[in-house]
>>> print(open('run.txt').read())   # compact mmCIF, C-alpha atoms and all ligand atoms
# COMPACT_ATOMS: atom_id res chain seq x y z
CA PRO A 4 1.81 3.27 20.16
CA PHE A 5 0.32 2.15 16.86
CA SER A 6 2.06 -0.68 14.99
CA LEU A 7 0.90 -1.35 11.44
CA LEU A 8 2.56 -4.74 11.39
CA ALA A 9 1.04 -5.86 14.69
CA THR A 10 -2.38 -4.68 13.48
CA LEU A 11 -2.12 -6.54 10.16
CA THR A 12 -0.74 -9.67 11.80
CA LYS A 13 -3.53 -9.75 14.37
CA ARG A 14 -6.18 -9.21 11.71
CA ARG A 15 -4.67 -11.94 9.62
CA GLN A 16 -4.92 -14.36 12.54
CA GLU A 17 -8.56 -13.35 12.91
CA GLY A 18 -9.18 -13.87 9.20
CA ARG A 19 -9.87 -10.16 8.65
CA LYS A 20 -8.76 -7.98 5.76
CA SER A 21 -8.20 -4.25 5.46
CA LEU A 22 -8.57 -1.25 3.17
CA ALA A 23 -6.11 1.62 2.85
CA VAL A 24 -7.13 4.77 1.03
CA LEU A 25 -4.16 6.36 -0.75
CA LEU A 26 -4.07 10.14 -0.77
CA ASP A 27 -1.60 11.51 -3.31
CA PRO A 28 -0.04 14.79 -2.07
CA ASP A 29 0.55 15.90 -5.63
CA LYS A 30 -3.11 15.66 -6.57
CA VAL A 31 -4.53 17.23 -3.45
CA GLU A 32 -5.67 20.28 -5.46
CA GLN A 33 -7.48 18.13 -7.99
CA TYR A 34 -10.09 16.57 -5.73
CA ASP A 35 -12.05 17.48 -2.63
CA PHE A 36 -9.61 16.29 0.02
CA VAL A 37 -11.82 16.76 3.08
CA ASP A 38 -14.75 15.11 1.32
CA THR A 39 -12.61 12.13 0.27
CA VAL A 40 -11.27 11.66 3.79
CA SER A 41 -14.74 12.01 5.32
CA ARG A 42 -16.23 9.48 2.91
CA ALA A 43 -13.39 7.06 3.59
CA VAL A 44 -14.04 7.39 7.34
CA ARG A 45 -17.78 6.80 6.85
CA HIS A 46 -17.01 3.68 4.84
CA GLN A 47 -14.62 2.49 7.53
CA ALA A 48 -11.33 2.62 5.69
CA ASP A 49 -8.75 1.10 8.02
CA PHE A 50 -5.76 3.26 7.12
CA PHE A 51 -4.79 6.33 5.15
CA PHE A 52 -1.69 6.06 3.01
CA VAL A 53 -0.08 9.39 2.13
CA GLY A 54 2.58 9.58 -0.55
CA GLY A 55 3.66 9.10 -4.14
CA SER A 56 6.67 9.01 -6.43
CA LEU A 57 6.83 12.78 -6.80
CA ILE A 58 5.74 15.41 -4.31
CA THR A 59 6.13 18.97 -5.60
CA ASP A 60 4.98 20.99 -2.60
CA TYR A 61 5.15 20.90 1.21
CA VAL A 62 1.63 19.60 1.69
CA GLN A 63 2.03 16.35 3.60
CA ARG A 64 2.07 17.96 7.02
CA ASP A 65 -1.14 19.92 6.39
CA MET A 66 -2.81 16.87 4.89
CA ILE A 67 -1.98 14.86 8.00
CA ALA A 68 -3.18 17.66 10.32
CA THR A 69 -6.47 17.84 8.39
CA ILE A 70 -6.97 14.06 8.59
CA ARG A 71 -6.27 14.13 12.34
CA LYS A 72 -9.02 16.72 12.86
CA LEU A 73 -11.52 14.39 11.18
CA THR A 74 -10.56 10.95 12.48
CA ASP A 75 -8.08 8.85 14.43
CA THR A 76 -7.63 6.42 11.51
CA PRO A 77 -3.90 5.61 11.35
CA ILE A 78 -1.84 7.52 8.78
CA ILE A 79 0.90 5.66 6.96
CA LEU A 80 3.54 7.36 4.81
CA PHE A 81 4.16 5.72 1.45
CA PRO A 82 7.30 7.65 0.46
CA GLY A 83 8.86 8.00 -2.95
CA ASN A 84 12.28 8.87 -1.56
CA ALA A 85 14.19 10.09 1.49
CA ALA A 86 12.82 13.64 1.12
CA HIS A 87 9.29 12.44 1.87
CA ILE A 88 9.65 11.81 5.60
CA GLU A 89 7.02 13.57 7.72
CA PRO A 90 7.23 12.77 11.44
CA SER A 91 3.62 13.72 12.21
CA ALA A 92 2.34 10.52 10.53
CA ASP A 93 1.94 7.27 12.49
CA SER A 94 3.93 4.84 10.35
CA LEU A 95 6.25 4.81 7.36
CA LEU A 96 6.67 2.05 4.82
CA LEU A 97 10.42 1.66 4.41
CA LEU A 98 10.21 0.36 0.87
CA SER A 99 13.00 -1.70 -0.60
CA LEU A 100 12.18 -2.00 -4.30
CA ILE A 101 13.15 -5.65 -4.63
CA SER A 102 11.51 -6.14 -8.03
CA GLY A 103 14.18 -3.80 -9.41
CA ARG A 104 17.95 -3.76 -9.59
CA ASN A 105 18.52 -0.11 -8.86
CA ALA A 106 20.70 0.09 -5.75
CA GLU A 107 19.38 3.57 -5.00
CA PHE A 108 15.90 2.22 -4.22
CA LEU A 109 17.13 -1.03 -2.70
CA ILE A 110 19.38 0.63 -0.09
CA GLY A 111 20.66 4.06 -1.19
CA GLN A 112 17.73 6.26 -0.15
CA HIS A 113 17.48 4.25 3.06
CA VAL A 114 21.02 5.22 4.09
CA VAL A 115 20.14 8.89 3.59
CA ALA A 116 16.88 8.50 5.51
CA ALA A 117 18.08 6.26 8.36
CA PRO A 118 19.29 8.88 10.88
CA LEU A 119 16.10 10.91 10.46
CA LEU A 120 13.90 7.81 10.65
CA LYS A 121 15.60 6.71 13.86
CA ARG A 122 14.73 10.04 15.47
CA SER A 123 11.28 10.43 13.92
CA GLY A 124 9.31 8.31 16.35
CA LEU A 125 7.52 6.82 13.33
CA ASP A 126 6.49 3.18 13.31
CA ILE A 127 8.84 1.90 10.58
CA VAL A 128 7.65 -1.05 8.50
CA SER A 129 10.35 -2.70 6.41
CA THR A 130 8.59 -3.53 3.16
CA ALA A 131 9.40 -5.84 0.25
CA TYR A 132 8.09 -3.56 -2.49
CA MET A 133 7.42 -5.26 -5.80
CA LEU A 134 6.23 -3.47 -8.91
CA VAL A 135 4.24 -5.65 -11.27
CA ASP A 136 3.71 -4.69 -14.90
CA GLY A 137 0.31 -2.99 -14.89
CA GLU A 138 0.16 -2.24 -18.61
CA ALA A 139 0.75 1.43 -18.00
CA GLN A 140 3.66 3.81 -18.22
CA THR A 141 3.38 4.61 -14.53
CA THR A 142 5.52 7.28 -12.92
CA VAL A 143 7.08 4.92 -10.40
CA SER A 144 8.72 2.74 -13.04
CA TYR A 145 10.22 5.79 -14.76
CA ILE A 146 11.37 7.50 -11.57
CA SER A 147 12.81 4.33 -10.06
CA ASN A 148 14.49 3.38 -13.33
CA THR A 149 13.49 -0.24 -12.85
CA THR A 150 11.69 -2.88 -14.86
CA PRO A 151 8.54 -4.18 -13.17
CA LEU A 152 7.97 -7.90 -12.66
CA PRO A 153 6.16 -9.56 -15.58
CA HIS A 154 2.45 -9.93 -14.78
CA ASP A 155 2.32 -13.47 -16.20
CA LYS A 156 5.25 -14.98 -14.29
CA PRO A 157 3.87 -15.76 -10.82
CA GLY A 158 6.90 -17.97 -10.11
CA VAL A 159 9.31 -15.07 -10.51
CA ALA A 160 7.17 -12.96 -8.20
CA ALA A 161 7.02 -15.78 -5.64
CA CYS A 162 10.82 -16.20 -5.61
CA THR A 163 11.27 -12.44 -5.28
CA ALA A 164 8.86 -12.32 -2.35
CA MET A 165 10.62 -15.28 -0.69
CA ALA A 166 13.96 -13.50 -0.99
CA GLY A 167 12.45 -10.38 0.58
CA GLU A 168 11.09 -12.38 3.48
CA LEU A 169 14.41 -14.19 3.99
CA LEU A 170 16.17 -10.82 4.04
CA GLY A 171 13.92 -9.87 6.95
CA LEU A 172 11.38 -7.59 5.26
CA LYS A 173 8.12 -7.73 7.21
CA LEU A 174 5.44 -6.69 4.74
CA THR A 175 5.13 -7.74 1.09
CA TYR A 176 3.61 -5.10 -1.19
CA LEU A 177 2.56 -5.91 -4.75
CA ASP A 178 1.92 -2.73 -6.74
CA ALA A 179 0.78 -2.49 -10.36
CA GLY A 180 1.44 1.27 -10.14
CA SER A 181 -0.95 4.11 -9.59
CA GLY A 182 -3.65 4.21 -12.26
CA ALA A 183 -2.56 0.86 -13.71
CA ARG A 184 -4.82 -0.42 -16.48
CA ARG A 185 -4.31 -3.96 -15.24
CA ALA A 186 -4.32 -4.64 -11.50
CA VAL A 187 -1.98 -7.29 -10.05
CA PRO A 188 -3.33 -10.63 -11.38
CA ALA A 189 -4.97 -13.02 -8.90
CA ALA A 190 -2.66 -15.88 -9.93
CA LEU A 191 0.39 -13.80 -9.05
CA ILE A 192 -1.05 -12.77 -5.68
CA ALA A 193 -1.90 -16.40 -4.94
CA ALA A 194 1.64 -17.55 -5.80
CA VAL A 195 3.13 -14.94 -3.47
CA ARG A 196 0.60 -15.84 -0.75
CA ALA A 197 1.74 -19.46 -0.95
CA ALA A 198 5.40 -18.43 -0.82
CA VAL A 199 5.58 -16.11 2.23
CA ASP A 200 4.09 -15.73 5.70
CA THR A 201 4.21 -11.94 5.84
CA PRO A 202 1.07 -9.83 5.45
CA ILE A 203 0.52 -8.92 1.78
CA ALA A 204 -0.61 -5.51 0.52
CA VAL A 205 -1.87 -5.15 -3.05
CA GLY A 206 -2.48 -1.91 -4.94
CA GLY A 207 -2.58 -0.25 -8.34
CA GLY A 208 -5.59 -0.10 -10.64
CA ILE A 209 -8.11 -1.51 -8.16
CA ASN A 210 -11.07 0.48 -9.49
CA SER A 211 -14.03 -1.85 -8.92
CA GLY A 212 -15.48 -3.94 -6.12
CA GLU A 213 -14.87 -6.99 -8.26
CA LYS A 214 -11.14 -6.31 -8.60
CA ALA A 215 -10.94 -5.69 -4.87
CA TYR A 216 -12.71 -8.96 -4.16
CA GLU A 217 -10.39 -10.85 -6.54
CA ALA A 218 -7.26 -9.48 -4.87
CA LEU A 219 -8.59 -10.30 -1.39
CA ALA A 220 -9.73 -13.78 -2.40
CA ALA A 221 -6.29 -14.47 -3.92
CA GLY A 222 -4.64 -13.71 -0.58
CA ALA A 223 -4.20 -9.96 -0.13
CA ASP A 224 -4.50 -8.89 3.51
CA LEU A 225 -4.67 -5.22 2.63
CA ILE A 226 -5.80 -3.48 -0.54
CA VAL A 227 -4.56 0.03 -1.33
CA VAL A 228 -6.82 2.20 -3.48
CA GLY A 229 -6.14 5.74 -4.72
CA ASN A 230 -7.23 6.84 -8.19
CA GLY A 231 -10.43 4.81 -8.21
CA ILE A 232 -11.79 6.61 -5.15
CA GLU A 233 -10.93 10.04 -6.56
CA GLN A 234 -12.63 9.24 -9.85
CA ASN A 235 -15.68 7.27 -8.81
CA SER A 236 -17.69 8.18 -5.73
CA ASP A 237 -19.51 4.82 -5.84
CA LEU A 238 -16.32 2.84 -5.38
CA LEU A 239 -15.98 3.14 -1.59
CA PRO A 240 -19.24 1.29 -0.82
CA GLU A 241 -18.22 -1.39 -3.35
CA LEU A 242 -14.86 -1.81 -1.62
CA THR A 243 -16.53 -2.00 1.78
CA ALA A 244 -18.85 -4.70 0.45
CA ALA A 245 -15.92 -6.67 -0.97
CA LEU A 246 -14.18 -6.54 2.41
CA ALA A 247 -17.34 -7.48 4.29
CA ALA A 248 -17.51 -10.70 2.28
CA PHE A 249 -14.34 -11.76 4.10
CA ASN A 250 -14.58 -9.96 7.40
CA SER A 251 -17.96 -11.32 8.36
CA LYS A 252 -16.67 -14.89 8.21
CA ILE A 253 -16.08 -16.80 11.40
CA PRO A 254 -12.59 -15.91 12.63
CA ILE A 255 -9.83 -18.46 12.18
CA VAL A 256 -8.80 -19.73 15.60
CA ASN A 257 -5.12 -19.26 16.19
CA GLU A 258 -3.38 -22.59 16.62
C1 LIG A 301 -0.89 1.94 -4.42
O1 LIG A 301 -0.17 2.79 -6.43
C2 LIG A 301 -1.24 2.19 -5.79
O2 LIG A 301 -0.27 0.71 -4.36
C3 LIG A 301 -2.50 2.97 -5.89
O3 LIG A 301 -2.93 2.80 -7.16
O4 LIG A 301 -4.10 4.93 -7.55
O5 LIG A 301 -4.36 2.98 -9.10
O6 LIG A 301 -5.40 2.95 -6.83
P1 LIG A 301 -4.27 3.46 -7.68
>>> encode(input="run.txt", output="structure tokens")
Amino acid sequence: PFSLLATLTKRRQEGRKSLAVLLDPDKVEQYDFVDTVSRAVRHQADFFFVGGSLITDYVQRDMIATIRKLTDTPIILFPGNAAHIEPSADSLLLLSLISGRNAEFLIGQHVVAAPLLKRSGLDIVSTAYMLVDGEAQTTVSYISNTTPLPHDKPGVAACTAMAGELLGLKLTYLDAGSGARRAVPAALIAAVRAAVDTPIAVGGGINSGEKAYEALAAGADLIVVGNGIEQNSDLLPELTAALAAFNSKIPIVNE
């Protein structure tokens, strides 16, 4: 069975980086879903993320079925709450919002979800989820009722990530929020990279090849891109090029 963590860990050992294309269930009417998925497959996206803060219709299952008809690229749920579990996906990011101090998103939703998750057969990835101020009033900050980490305090982000790792969370995810005007700064990613050994995912406001390259160069193992791909059809080749700059390098030999 597919394991997101094993895949990311192996790629990290090989010095390879990955791209996840985020498909927002709530916007599925607003863009050509099949075309977006097909383009992502052509440009060798490594994973599809499906999810968002708010989902207002039962579309996740159909989205997943449609993706499965087109490709065997792994499908990862990126849930906003316990109501967003869909067992037909491959994996689920069990997000603990450790940048915030709202118990509901640190542990509350997880208690509600746990019995269903245990039975779901999904590959569950415990994730240290950290929102970073992306200079935008993003939905996630409002819905989660939390304050994001300051973008210019890499030390605070590093300590937060360390705490997440010590608590046993396996993936660190830095998110400036969907549609963020400012992506997670390179200095902050680098500080977190130096602080933890987990794979690091970075997302929010990555809308150019240059921003993707910066995040990867600073230490991201996985970049997550949503809005940019919906809005700009030229972005996928730019992202692929940014990844190729790293993935064509000679693999790091595992000591
Ligand atoms: C995933 O929220 C991000 O971490 C996605 O953000 O839609 O801005 O790419 P964008």
>>> axis_aligned_box(input="run.txt", around="range 27-40 of chain A", padding_each_side="3 Å", output="AutoDock Vina command-line options")
--center_x -7.1 --center_y 15.9 --center_z -2.1 --size_x 21.3 --size_y 14.8 --size_z 17.8
>>> residues_around(input="run.txt", residues="Asp29 in chain A", least_positions_apart="2", cutoff="7 Å", atoms="only C-alpha atoms", output="number ranges by chain")
A: 27, 31, 58-59
>>> closest_residue(input="run.txt", among="A:Ala116, A:Ile192, A:Val44, A:Ala183", to="ligand LIG 301 (chain A)", atoms="only C-alpha atoms and all ligand atoms")
A:Ala183
>>> closest_residue(input="run.txt", among="A:Ser123, A:Thr10, A:Asn105, A:Thr130", to="Ile88 in chain A", atoms="all atoms listed in the file")
A:Ser123
>>> residues_near_ligand(input="run.txt", ligand="ligand LIG 301 (chain A)", cutoff="10 Å", atoms="all atoms listed in the file", output="PyMOL selection string")
chain A and resi 23-27+52-56+81+132-134+137+141-143+176-187+204-210+226-234
>>> atom_distance(input="run.txt", atom1="CA of Val128 in chain A", atom2="CA of Ala85 in chain A")
14.7 Å
>>> residues_around(input="run.txt", residues="Leu242 in chain A", least_positions_apart="2", cutoff="12 Å", atoms="all atoms listed in the file", output="VMD selection string")
chain A and resid 20 to 24 43 46 to 49 209 to 219 225 to 229 231 to 232 235 to 240 244 to 249
>>> closest_residue(input="run.txt", among="A:Val195, A:Ile127, A:Ala221, A:Val115", to="Leu80 in chain A", atoms="all atoms listed in the file")
A:Ile127
>>> atom_distance(input="run.txt", atom1="CA of Ala164 in chain A", atom2="CA of Gly103 in chain A")
12.3 Å
